[in-house]
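Structure file entry27.cif (mmCIF, C-alpha atoms) follows.
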```cif
data_my_file
#
loop_
_atom_site.group_PDB
_atom_site.id
_atom_site.type_symbol
_atom_site.label_atom_id
_atom_site.label_comp_id
_atom_site.auth_asym_id
_atom_site.auth_seq_id
_atom_site.Cartn_x
_atom_site.Cartn_y
_atom_site.Cartn_z
ATOM 1 C CA MET A 30 16.923 10.579 25.142
ATOM 2 C CA PRO A 31 17.512 6.811 25.024
ATOM 3 C CA GLN A 32 17.448 5.231 21.601
ATOM 4 C CA MET A 33 13.889 4.175 20.936
ATOM 5 C CA ILE A 34 12.015 2.710 18.009
ATOM 6 C CA PHE A 35 8.277 2.890 17.466
ATOM 7 C CA VAL A 36 6.955 0.377 14.974
ATOM 8 C CA ASN A 37 3.767 1.920 13.599
ATOM 9 C CA LEU A 38 1.232 -0.587 12.301
ATOM 10 C CA PRO A 39 -2.235 0.014 10.864
ATOM 11 C CA VAL A 40 -4.943 -2.169 12.425
ATOM 12 C CA THR A 41 -8.584 -2.683 11.520
ATOM 13 C CA ASP A 42 -9.898 -3.251 15.047
ATOM 14 C CA LEU A 43 -7.954 -1.335 17.677
ATOM 15 C CA ASP A 44 -9.500 -3.037 20.729
ATOM 16 C CA LYS A 45 -8.905 -6.465 19.305
ATOM 17 C CA SER A 46 -5.317 -5.681 18.383
ATOM 18 C CA LYS A 47 -4.617 -4.062 21.724
ATOM 19 C CA ALA A 48 -5.870 -7.193 23.485
ATOM 20 C CA PHE A 49 -3.776 -9.332 21.148
ATOM 21 C CA TYR A 50 -0.557 -7.437 21.826
ATOM 22 C CA GLU A 51 -1.231 -7.471 25.558
ATOM 23 C CA ALA A 52 -1.696 -11.226 25.344
ATOM 24 C CA VAL A 53 1.694 -11.686 23.719
ATOM 25 C CA GLY A 54 3.356 -9.675 26.449
ATOM 26 C CA ALA A 55 3.358 -6.026 25.362
ATOM 27 C CA ALA A 56 2.038 -3.707 28.055
ATOM 28 C CA ASN A 57 -0.206 -0.856 27.060
ATOM 29 C CA ASN A 58 1.006 2.649 27.842
ATOM 30 C CA PRO A 59 -2.192 4.606 28.477
ATOM 31 C CA ALA A 60 -0.384 7.958 28.269
ATOM 32 C CA PHE A 61 -0.029 7.458 24.517
ATOM 33 C CA THR A 62 -3.281 5.648 23.874
ATOM 34 C CA ASP A 63 -6.677 6.898 22.851
ATOM 35 C CA ASP A 64 -9.521 5.643 20.669
ATOM 36 C CA THR A 65 -7.423 6.048 17.507
ATOM 37 C CA ALA A 66 -4.100 4.598 18.619
ATOM 38 C CA ALA A 67 -2.497 2.429 21.276
ATOM 39 C CA CYS A 68 1.101 2.411 22.415
ATOM 40 C CA MET A 69 2.302 -1.089 23.294
ATOM 41 C CA VAL A 70 5.595 -1.488 25.126
ATOM 42 C CA VAL A 71 7.750 -4.414 24.038
ATOM 43 C CA LYS A 72 10.772 -3.183 25.979
ATOM 44 C CA GLU A 73 10.446 -0.175 28.240
ATOM 45 C CA GLY A 74 12.406 2.790 26.969
ATOM 46 C CA SER A 75 13.506 1.030 23.800
ATOM 47 C CA ILE A 76 11.003 -0.952 21.722
ATOM 48 C CA HIS A 77 7.406 0.128 21.212
ATOM 49 C CA VAL A 78 4.599 -0.717 18.841
ATOM 50 C CA MET A 79 2.048 1.928 17.915
ATOM 51 C CA LEU A 80 -1.219 0.419 16.731
ATOM 52 C CA LEU A 81 -3.174 2.889 14.641
ATOM 53 C CA THR A 82 -6.686 2.702 13.260
ATOM 54 C CA HIS A 83 -6.843 2.976 9.483
ATOM 55 C CA GLU A 84 -8.446 6.382 9.921
ATOM 56 C CA LYS A 85 -5.605 7.617 12.069
ATOM 57 C CA TRP A 86 -3.074 6.009 9.756
ATOM 58 C CA ALA A 87 -4.548 7.958 6.854
ATOM 59 C CA THR A 88 -3.805 11.252 8.614
ATOM 60 C CA PHE A 89 -0.097 10.413 8.458
ATOM 61 C CA THR A 90 0.144 9.057 4.939
ATOM 62 C CA SER A 91 -1.838 8.818 1.740
ATOM 63 C CA LYS A 92 -0.127 5.546 0.884
ATOM 64 C CA LYS A 93 -2.412 2.561 0.607
ATOM 65 C CA ILE A 94 -2.314 -0.120 3.258
ATOM 66 C CA PRO A 95 -1.370 -3.422 1.643
ATOM 67 C CA ASP A 96 -3.083 -6.612 2.803
ATOM 68 C CA ALA A 97 -0.543 -8.019 5.228
ATOM 69 C CA HIS A 98 -2.243 -11.413 5.044
ATOM 70 C CA THR A 99 -1.147 -11.822 1.448
ATOM 71 C CA THR A 100 1.911 -9.576 1.059
ATOM 72 C CA ALA A 101 4.754 -8.565 3.352
ATOM 73 C CA GLN A 102 6.836 -5.425 3.473
ATOM 74 C CA VAL A 103 8.586 -6.098 6.747
ATOM 75 C CA LEU A 104 9.326 -8.992 9.070
ATOM 76 C CA ILE A 105 9.681 -7.819 12.626
ATOM 77 C CA CYS A 106 11.814 -10.055 14.793
ATOM 78 C CA VAL A 107 12.240 -9.879 18.549
ATOM 79 C CA SER A 108 14.589 -11.921 20.664
ATOM 80 C CA ALA A 109 13.563 -14.292 23.442
ATOM 81 C CA ASP A 110 15.538 -15.816 26.299
ATOM 82 C CA SER A 111 15.082 -19.490 25.473
ATOM 83 C CA ARG A 112 13.594 -21.969 23.006
ATOM 84 C CA GLU A 113 10.758 -22.453 25.474
ATOM 85 C CA ALA A 114 10.124 -18.711 25.574
ATOM 86 C CA VAL A 115 9.882 -18.684 21.775
ATOM 87 C CA ASP A 116 7.281 -21.462 21.822
ATOM 88 C CA ALA A 117 5.431 -19.838 24.717
ATOM 89 C CA GLN A 118 5.123 -16.546 22.872
ATOM 90 C CA VAL A 119 3.789 -18.225 19.727
ATOM 91 C CA ASP A 120 1.329 -20.230 21.857
ATOM 92 C CA LYS A 121 0.090 -17.048 23.490
ATOM 93 C CA ALA A 122 -0.398 -15.474 20.082
ATOM 94 C CA VAL A 123 -2.479 -18.436 18.907
ATOM 95 C CA LYS A 124 -4.642 -18.374 22.026
ATOM 96 C CA ALA A 125 -5.214 -14.684 21.442
ATOM 97 C CA GLY A 126 -6.441 -15.226 17.891
ATOM 98 C CA GLY A 127 -3.197 -14.954 15.946
ATOM 99 C CA LYS A 128 -1.836 -17.538 13.546
ATOM 100 C CA ALA A 129 1.233 -19.609 14.254
ATOM 101 C CA ASP A 130 4.202 -20.012 11.952
ATOM 102 C CA PRO A 131 3.343 -17.975 8.864
ATOM 103 C CA THR A 132 7.041 -18.263 8.018
ATOM 104 C CA PRO A 133 9.224 -21.380 8.204
ATOM 105 C CA THR A 134 10.617 -22.307 11.601
ATOM 106 C CA GLN A 135 14.331 -21.565 11.803
ATOM 107 C CA ASP A 136 15.859 -24.367 13.809
ATOM 108 C CA PHE A 137 19.602 -24.541 13.865
ATOM 109 C CA GLY A 138 19.838 -27.066 16.646
ATOM 110 C CA GLY A 139 21.630 -25.964 19.712
ATOM 111 C CA PHE A 140 22.325 -22.356 18.961
ATOM 112 C CA MET A 141 19.396 -20.671 17.270
ATOM 113 C CA TYR A 142 15.667 -21.198 17.140
ATOM 114 C CA GLY A 143 13.076 -18.945 15.590
ATOM 115 C CA ARG A 144 9.344 -19.129 14.996
ATOM 116 C CA SER A 145 6.740 -16.628 13.939
ATOM 117 C CA PHE A 146 3.173 -15.554 14.398
ATOM 118 C CA GLU A 147 0.881 -13.131 12.673
ATOM 119 C CA ASP A 148 -1.290 -10.571 14.378
ATOM 120 C CA PRO A 149 -4.997 -10.202 13.524
ATOM 121 C CA ASP A 150 -4.131 -7.931 10.579
ATOM 122 C CA GLY A 151 -1.526 -10.293 9.171
ATOM 123 C CA HIS A 152 1.570 -8.431 10.355
ATOM 124 C CA ILE A 153 4.292 -11.009 10.890
ATOM 125 C CA TRP A 154 6.352 -11.192 14.067
ATOM 126 C CA GLU A 155 9.263 -13.519 14.443
ATOM 127 C CA VAL A 156 10.523 -14.607 17.833
ATOM 128 C CA MET A 157 14.085 -15.805 18.019
ATOM 129 C CA TRP A 158 16.331 -17.325 20.601
ATOM 130 C CA MET A 159 20.040 -17.575 20.152
ATOM 131 C CA ASP A 160 22.538 -19.165 22.497
ATOM 132 C CA PRO A 161 24.545 -16.198 23.788
ATOM 133 C CA THR A 162 27.604 -18.395 24.251
ATOM 134 C CA ALA A 163 27.513 -19.226 20.546
ATOM 135 C CA ILE A 164 28.137 -15.581 19.752
ATOM 136 C CA PRO A 165 31.683 -14.265 19.858
ATOM 137 C CA ALA A 166 32.084 -12.028 22.903
ATOM 138 C CA ASP A 167 32.641 -8.919 20.835
ATOM 139 C CA ALA A 168 29.773 -9.494 18.414
ATOM 140 C CA PRO A 169 26.108 -8.535 18.690
ATOM 141 C CA ALA A 170 23.510 -11.242 18.401
ATOM 142 C CA GLU A 171 22.818 -12.901 15.089
ATOM 143 C CA ALA A 172 20.489 -10.552 13.394
ATOM 144 C CA GLU A 173 19.237 -12.478 10.459
ATOM 145 C CA ALA A 174 15.696 -13.564 10.977
ATOM 146 C CA MET B 21 20.150 -10.913 27.325
ATOM 147 C CA PRO B 22 18.120 -7.721 26.793
ATOM 148 C CA ARG B 23 15.201 -7.961 24.430
ATOM 149 C CA MET B 24 16.251 -6.897 20.965
ATOM 150 C CA ILE B 25 14.392 -6.011 17.802
ATOM 151 C CA PHE B 26 15.491 -6.832 14.276
ATOM 152 C CA VAL B 27 13.510 -5.069 11.582
ATOM 153 C CA ASN B 28 13.925 -7.127 8.415
ATOM 154 C CA LEU B 29 13.423 -5.244 5.162
ATOM 155 C CA PRO B 30 13.716 -6.483 1.581
ATOM 156 C CA VAL B 31 15.930 -4.316 -0.625
ATOM 157 C CA ALA B 32 16.618 -4.365 -4.348
ATOM 158 C CA ASP B 33 20.207 -3.142 -4.219
ATOM 159 C CA LEU B 34 22.046 -4.204 -1.094
ATOM 160 C CA ALA B 35 25.105 -1.981 -1.565
ATOM 161 C CA GLN B 36 22.985 1.091 -2.178
ATOM 162 C CA SER B 37 20.802 0.382 0.845
ATOM 163 C CA LYS B 38 23.799 -0.259 3.045
ATOM 164 C CA ALA B 39 25.202 3.135 2.095
ATOM 165 C CA PHE B 40 21.806 4.702 2.688
ATOM 166 C CA TYR B 41 21.464 3.294 6.206
ATOM 167 C CA GLU B 42 25.030 4.235 7.048
ATOM 168 C CA ALA B 43 24.210 7.790 5.977
ATOM 169 C CA LEU B 44 21.249 7.738 8.360
ATOM 170 C CA GLY B 45 23.564 6.907 11.249
ATOM 171 C CA PHE B 46 23.368 3.125 11.380
ATOM 172 C CA THR B 47 26.610 1.173 11.696
ATOM 173 C CA ASN B 48 27.207 -1.883 9.592
ATOM 174 C CA GLU B 49 28.121 -5.055 11.454
ATOM 175 C CA PRO B 50 30.324 -6.900 8.971
ATOM 176 C CA ARG B 51 30.229 -10.165 10.920
ATOM 177 C CA PHE B 52 26.533 -10.453 10.181
ATOM 178 C CA SER B 53 26.675 -9.181 6.647
ATOM 179 C CA ASP B 54 27.359 -10.962 3.399
ATOM 180 C CA GLU B 55 26.278 -10.603 -0.213
ATOM 181 C CA THR B 56 22.671 -11.491 0.678
ATOM 182 C CA GLY B 57 22.085 -9.332 3.724
ATOM 183 C CA ALA B 58 23.555 -6.674 5.979
ATOM 184 C CA ALA B 59 23.057 -6.031 9.681
ATOM 185 C CA MET B 60 22.723 -2.340 10.431
ATOM 186 C CA VAL B 61 23.023 -1.382 14.082
ATOM 187 C CA TRP B 62 21.123 1.521 15.619
ATOM 188 C CA SER B 63 21.695 0.635 19.275
ATOM 189 C CA ASP B 64 22.492 -2.420 21.372
ATOM 190 C CA THR B 65 18.828 -3.438 21.132
ATOM 191 C CA ILE B 66 17.705 -2.006 17.766
ATOM 192 C CA PHE B 67 18.856 -3.492 14.473
ATOM 193 C CA VAL B 68 17.779 -3.341 10.862
ATOM 194 C CA MET B 69 18.486 -6.299 8.612
ATOM 195 C CA ILE B 70 18.435 -5.401 4.957
ATOM 196 C CA LEU B 71 17.996 -8.471 2.796
ATOM 197 C CA THR B 72 18.176 -9.056 -0.937
ATOM 198 C CA HIS B 73 14.888 -10.166 -2.471
ATOM 199 C CA GLU B 74 16.386 -13.600 -3.013
ATOM 200 C CA LYS B 75 17.318 -13.947 0.651
ATOM 201 C CA TRP B 76 13.967 -12.487 1.720
ATOM 202 C CA LYS B 77 12.126 -15.202 -0.175
ATOM 203 C CA GLY B 78 13.769 -17.784 2.055
ATOM 204 C CA PHE B 79 11.915 -16.335 5.033
ATOM 205 C CA THR B 80 8.447 -15.779 3.638
ATOM 206 C CA ASP B 81 6.563 -16.825 0.537
ATOM 207 C CA ARG B 82 4.329 -13.757 0.707
ATOM 208 C CA PRO B 83 5.092 -11.421 -2.170
ATOM 209 C CA ILE B 84 6.668 -8.117 -1.237
ATOM 210 C CA ALA B 85 3.949 -5.474 -0.899
ATOM 211 C CA PRO B 86 3.819 -3.091 -3.848
ATOM 212 C CA ARG B 87 5.994 0.000 -3.729
ATOM 213 C CA GLY B 88 3.847 2.957 -2.842
ATOM 214 C CA SER B 89 1.880 1.000 -0.273
ATOM 215 C CA SER B 90 2.764 1.113 3.364
ATOM 216 C CA GLU B 91 2.374 -1.752 5.833
ATOM 217 C CA VAL B 92 4.526 -0.117 8.474
ATOM 218 C CA SER B 93 6.323 3.058 9.326
ATOM 219 C CA LEU B 94 9.394 2.915 11.489
ATOM 220 C CA ALA B 95 9.813 5.807 13.886
ATOM 221 C CA LEU B 96 13.103 6.536 15.588
ATOM 222 C CA ALA B 97 13.316 8.910 18.543
ATOM 223 C CA MET B 98 15.888 11.627 17.917
ATOM 224 C CA ASP B 99 17.523 14.041 20.362
ATOM 225 C CA SER B 100 16.429 17.273 18.696
ATOM 226 C CA ARG B 101 14.534 18.820 15.818
ATOM 227 C CA GLU B 102 17.904 19.409 14.168
ATOM 228 C CA ALA B 103 18.733 15.713 14.402
ATOM 229 C CA VAL B 104 15.445 14.925 12.661
ATOM 230 C CA ASP B 105 16.272 17.345 9.854
ATOM 231 C CA ALA B 106 19.816 15.998 9.588
ATOM 232 C CA MET B 107 18.585 12.427 9.158
ATOM 233 C CA ILE B 108 16.069 13.462 6.499
ATOM 234 C CA GLU B 109 18.682 15.416 4.587
ATOM 235 C CA ALA B 110 21.243 12.613 4.803
ATOM 236 C CA GLY B 111 18.675 10.130 3.552
ATOM 237 C CA ALA B 112 17.614 12.355 0.679
ATOM 238 C CA ALA B 113 21.253 12.745 -0.347
ATOM 239 C CA HIS B 114 21.733 8.971 -0.454
ATOM 240 C CA GLY B 115 18.894 7.689 -2.594
ATOM 241 C CA GLY B 116 15.993 8.330 -0.249
ATOM 242 C CA THR B 117 12.983 10.607 -0.668
ATOM 243 C CA ALA B 118 12.282 13.302 1.907
ATOM 244 C CA ASP B 119 8.898 14.342 3.260
ATOM 245 C CA VAL B 120 6.735 11.770 1.544
ATOM 246 C CA ASN B 121 4.112 12.395 4.187
ATOM 247 C CA PRO B 122 3.016 15.609 5.898
ATOM 248 C CA VAL B 123 5.521 17.037 8.372
ATOM 249 C CA GLN B 124 4.241 16.607 11.926
ATOM 250 C CA ASP B 125 5.060 19.820 13.735
ATOM 251 C CA HIS B 126 3.204 20.202 17.010
ATOM 252 C CA GLY B 127 5.642 22.209 19.080
ATOM 253 C CA PHE B 128 6.234 19.500 21.669
ATOM 254 C CA MET B 129 6.744 17.031 18.865
ATOM 255 C CA TYR B 130 8.352 17.197 15.449
ATOM 256 C CA GLY B 131 8.518 14.435 12.875
ATOM 257 C CA ARG B 132 9.339 14.029 9.213
ATOM 258 C CA ASP B 133 9.024 10.987 6.952
ATOM 259 C CA LEU B 134 11.625 9.564 4.653
ATOM 260 C CA LEU B 135 11.507 6.772 2.092
ATOM 261 C CA ASP B 136 14.490 4.495 1.788
ATOM 262 C CA PRO B 137 15.551 3.527 -1.762
ATOM 263 C CA ASP B 138 12.965 0.703 -1.743
ATOM 264 C CA GLY B 139 10.103 2.792 -0.459
ATOM 265 C CA HIS B 140 10.197 1.730 3.203
ATOM 266 C CA VAL B 141 8.979 4.549 5.424
ATOM 267 C CA TRP B 142 11.149 5.911 8.234
ATOM 268 C CA SER B 143 9.831 8.525 10.601
ATOM 269 C CA PRO B 144 12.512 10.171 12.709
ATOM 270 C CA PHE B 145 10.887 12.333 15.346
ATOM 271 C CA TRP B 146 11.715 14.460 18.338
ATOM 272 C CA MET B 147 9.482 14.741 21.360
ATOM 273 C CA ASP B 148 9.789 17.093 24.319
ATOM 274 C CA PRO B 149 11.447 14.883 26.975
ATOM 275 C CA ALA B 150 9.018 16.078 29.665
ATOM 276 C CA ILE B 151 6.148 14.661 27.644
ATOM 277 C CA ALA B 152 7.986 11.578 26.413
ATOM 278 C CA SER B 153 8.847 10.639 30.001
ATOM 279 C CA GLY B 154 5.284 11.137 31.166
ATOM 280 C CA GLU B 155 6.162 14.016 33.506
ATOM 281 C CA GLN B 156 3.741 16.143 31.567
ATOM 282 C CA PRO B 157 0.544 14.913 29.976
ATOM 283 C CA MET B 158 0.308 14.374 26.265
ATOM 284 C CA PRO B 159 -1.211 17.408 24.516
ATOM 285 C CA GLU B 160 -4.176 16.945 22.210
ATOM 286 C CA VAL B 161 -2.316 15.484 19.210
ATOM 287 C CA ALA B 162 -1.742 11.729 19.391
ATOM 288 C CA ALA B 163 1.681 10.289 18.719
ATOM 289 C CA GLY B 164 2.378 8.557 15.511
#
```
Show me this structure written as structure tokens.
Amino acid sequence: MPQMIFVNLPVTDLDKSKAFYEAVGAANNPAFTDDTAACMVVKEGSIHVMLLTHEKWATFTSKKIPDAHTTAQVLICVSADSREAVDAQVDKAVKAGGKADPTPTQDFGGFMYGRSFEDPDGHIWEVMWMDPTAIPADAPAEAEA
Amino acid sequence: MPRMIFVNLPVADLAQSKAFYEALGFTNEPRFSDETGAAMVWSDTIFVMILTHEKWKGFTDRPIAPRGSSEVSLALAMDSREAVDAMIEAGAAHGGTADVNPVQDHGFMYGRDLLDPDGHVWSPFWMDPAIASGEQPMPEVAAG
């Protein structure tokens, strides 16, 4: 099996969140979607987001859901191909009802550029571009976000 | 460049967390690690960045959610039930807490939950490849 991650997030309004994630470029996978959860594909075969209603979430854990608008437990960062693609993704998020730039923009001039948006439940996503030529050939991309 | 994900997590004790994630099967990338953060590599597209609270505060002014609450759970696809068990056991032996949530055992799918030393939830799981690939329809239980 290829190495895959599923980021599971609790959401208050599944339809709204599904539409939001589609708007920022994640395709829905109907095979793993029903009225309690939606599988959103960020990168086929590798990166997925599972949106779960609070009811469904509660079947997996008794832990309380913190208010992601006011606290943060995770910052999820995805890479983009260019500075323009970073801006475009944040713009799409805003048009879809998300908020732009809940965290400071990371602008290191010519080699790295990162912005962020929050989804309707307050979960923060960062989008980052890094100049591949600025990375040593034998190193993975800068991971700090 | 392929799309990559970096899951950034705040940790109280960087050295302990680094050892924990190495025990889970992540590889440390020393070129992107210092005394404030460590890059832990799962695959060429999946990374975890563990960050000291001090470093974390440079990225967001939202307070860290209280321990015991859960904003996210991070599920990694494993090759077998045994690999799921092995990850849980390795985590428990390195400062983590095994089975904080009910074990998900549905025959075609098997998952267990593990807390890292800071209370972040990891959910290694195995799924029958025929179902994961879509060759066979998903049985009644929804994925999580």
Set the distance at 12 Å and use only C-alpha atoms: which residues neighbour Ala39 of chain B once local chain neighbours fewer than 2 positions away are removed? I'd like the list as a ChimeraX atom specification. /B:33-37,41-48,58,60,70,110-111,113-116,136-137
Go ahead and save the picked residues with C-alpha atoms, as a short mmCIF file (atom, residue, chain, number, x, y, z; two decimals), keeping the file's coordinate frame.
```cif
data_model
loop_
_atom_site.label_atom_id
_atom_site.label_comp_id
_atom_site.auth_asym_id
_atom_site.auth_seq_id
_atom_site.Cartn_x
_atom_site.Cartn_y
_atom_site.Cartn_z
CA ASP B 33 20.21 -3.14 -4.22
CA LEU B 34 22.05 -4.20 -1.09
CA ALA B 35 25.10 -1.98 -1.56
CA GLN B 36 22.98 1.09 -2.18
CA SER B 37 20.80 0.38 0.84
CA TYR B 41 21.46 3.29 6.21
CA GLU B 42 25.03 4.24 7.05
CA ALA B 43 24.21 7.79 5.98
CA LEU B 44 21.25 7.74 8.36
CA GLY B 45 23.56 6.91 11.25
CA PHE B 46 23.37 3.12 11.38
CA THR B 47 26.61 1.17 11.70
CA ASN B 48 27.21 -1.88 9.59
CA ALA B 58 23.56 -6.67 5.98
CA MET B 60 22.72 -2.34 10.43
CA ILE B 70 18.43 -5.40 4.96
CA ALA B 110 21.24 12.61 4.80
CA GLY B 111 18.68 10.13 3.55
CA ALA B 113 21.25 12.74 -0.35
CA HIS B 114 21.73 8.97 -0.45
CA GLY B 115 18.89 7.69 -2.59
CA GLY B 116 15.99 8.33 -0.25
CA ASP B 136 14.49 4.50 1.79
CA PRO B 137 15.55 3.53 -1.76
#
```
Practice prompt. Might you pull out every residue within 7 Å of segment 89-93 of chain B, with only C-alpha atoms counted and same-chain residues fewer than 6 positions away left off, and present them as JSON, numbers by chain?
Written response: {"A": [36, 37, 38, 92, 93, 94, 95, 97, 102], "B": [141, 142, 143]}
Judged by only C-alpha atoms, the minimum distance to Phe67 of chain B among B:Leu134, B:Gln124, B:Trp146, B:Met24 is found for B:Met24
**Item:** Interface residues on chain A facing chain B, 7 Å, all atoms listed in the file, written as an MDAnalysis selection string
**Value:** chainID A and resid 30 32:38 60:61 72 89:90 92:95 97 99:110 132:133 171:173
Residues returned when the PyMOL selection byres ((chain A and resi 137-139) around 10) runs on this file, as an NGL selection string:
:A and (112 or 134-136 or 140-143 or 159-160 or 163)
Applied to the shown file, which residues does the PyMOL selection byres ((chain A and resi 39-47) around 7) return, written as a ChimeraX atom specification?
/A:37-38,48-51,67,80-83,86,149-150
Write segment 140-157 of chain B as a PDB file, keeping the file's coordinate frame, completed to N, CA and C atoms.
```pdb
ATOM      1  N   HIS B 140      10.539   1.961   1.800  1.00  0.00           N
ATOM      2  CA  HIS B 140      10.197   1.730   3.203  1.00  0.00           C
ATOM      3  C   HIS B 140      10.186   3.068   3.942  1.00  0.00           C
ATOM      4  N   VAL B 141       9.171   3.249   4.779  1.00  0.00           N
ATOM      5  CA  VAL B 141       8.979   4.549   5.424  1.00  0.00           C
ATOM      6  C   VAL B 141       9.680   4.615   6.781  1.00  0.00           C
ATOM      7  N   TRP B 142      10.506   5.612   6.951  1.00  0.00           N
ATOM      8  CA  TRP B 142      11.149   5.911   8.234  1.00  0.00           C
ATOM      9  C   TRP B 142      10.646   7.247   8.724  1.00  0.00           C
ATOM     10  N   SER B 143      10.410   7.333  10.014  1.00  0.00           N
ATOM     11  CA  SER B 143       9.831   8.525  10.601  1.00  0.00           C
ATOM     12  C   SER B 143      10.644   8.994  11.806  1.00  0.00           C
ATOM     13  N   PRO B 144      11.792   9.621  11.556  1.00  0.00           N
ATOM     14  CA  PRO B 144      12.512  10.171  12.709  1.00  0.00           C
ATOM     15  C   PRO B 144      11.682  11.276  13.353  1.00  0.00           C
ATOM     16  N   PHE B 145      11.668  11.299  14.668  1.00  0.00           N
ATOM     17  CA  PHE B 145      10.887  12.333  15.346  1.00  0.00           C
ATOM     18  C   PHE B 145      11.583  12.761  16.627  1.00  0.00           C
ATOM     19  N   TRP B 146      11.254  13.964  17.041  1.00  0.00           N
ATOM     20  CA  TRP B 146      11.715  14.460  18.338  1.00  0.00           C
ATOM     21  C   TRP B 146      10.493  14.741  19.186  1.00  0.00           C
ATOM     22  N   MET B 147      10.569  14.403  20.447  1.00  0.00           N
ATOM     23  CA  MET B 147       9.482  14.741  21.360  1.00  0.00           C
ATOM     24  C   MET B 147      10.069  15.386  22.602  1.00  0.00           C
ATOM     25  N   ASP B 148       9.398  16.428  23.076  1.00  0.00           N
ATOM     26  CA  ASP B 148       9.789  17.093  24.319  1.00  0.00           C
ATOM     27  C   ASP B 148       9.973  16.035  25.409  1.00  0.00           C
ATOM     28  N   PRO B 149      11.171  15.941  25.996  1.00  0.00           N
ATOM     29  CA  PRO B 149      11.447  14.883  26.975  1.00  0.00           C
ATOM     30  C   PRO B 149      10.462  14.877  28.145  1.00  0.00           C
ATOM     31  N   ALA B 150       9.957  16.034  28.532  1.00  0.00           N
ATOM     32  CA  ALA B 150       9.018  16.078  29.665  1.00  0.00           C
ATOM     33  C   ALA B 150       7.729  15.332  29.329  1.00  0.00           C
ATOM     34  N   ILE B 151       7.361  15.361  28.064  1.00  0.00           N
ATOM     35  CA  ILE B 151       6.148  14.661  27.644  1.00  0.00           C
ATOM     36  C   ILE B 151       6.463  13.189  27.368  1.00  0.00           C
ATOM     37  N   ALA B 152       7.607  12.960  26.721  1.00  0.00           N
ATOM     38  CA  ALA B 152       7.986  11.578  26.413  1.00  0.00           C
ATOM     39  C   ALA B 152       8.127  10.754  27.693  1.00  0.00           C
ATOM     40  N   SER B 153       8.619  11.374  28.750  1.00  0.00           N
ATOM     41  CA  SER B 153       8.847  10.639  30.001  1.00  0.00           C
ATOM     42  C   SER B 153       7.579  10.511  30.830  1.00  0.00           C
ATOM     43  N   GLY B 154       6.531  11.220  30.427  1.00  0.00           N
ATOM     44  CA  GLY B 154       5.284  11.137  31.166  1.00  0.00           C
ATOM     45  C   GLY B 154       5.180  12.162  32.289  1.00  0.00           C
ATOM     46  N   GLU B 155       6.220  12.988  32.466  1.00  0.00           N
ATOM     47  CA  GLU B 155       6.162  14.016  33.506  1.00  0.00           C
ATOM     48  C   GLU B 155       5.031  14.999  33.227  1.00  0.00           C
ATOM     49  N   GLN B 156       4.847  15.272  31.949  1.00  0.00           N
ATOM     50  CA  GLN B 156       3.741  16.143  31.567  1.00  0.00           C
ATOM     51  C   GLN B 156       2.781  15.359  30.687  1.00  0.00           C
ATOM     52  N   PRO B 157       1.507  15.663  30.782  1.00  0.00           N
ATOM     53  CA  PRO B 157       0.544  14.913  29.976  1.00  0.00           C
ATOM     54  C   PRO B 157       0.712  15.211  28.487  1.00  0.00           C
TER      55      PRO B 157
END
```
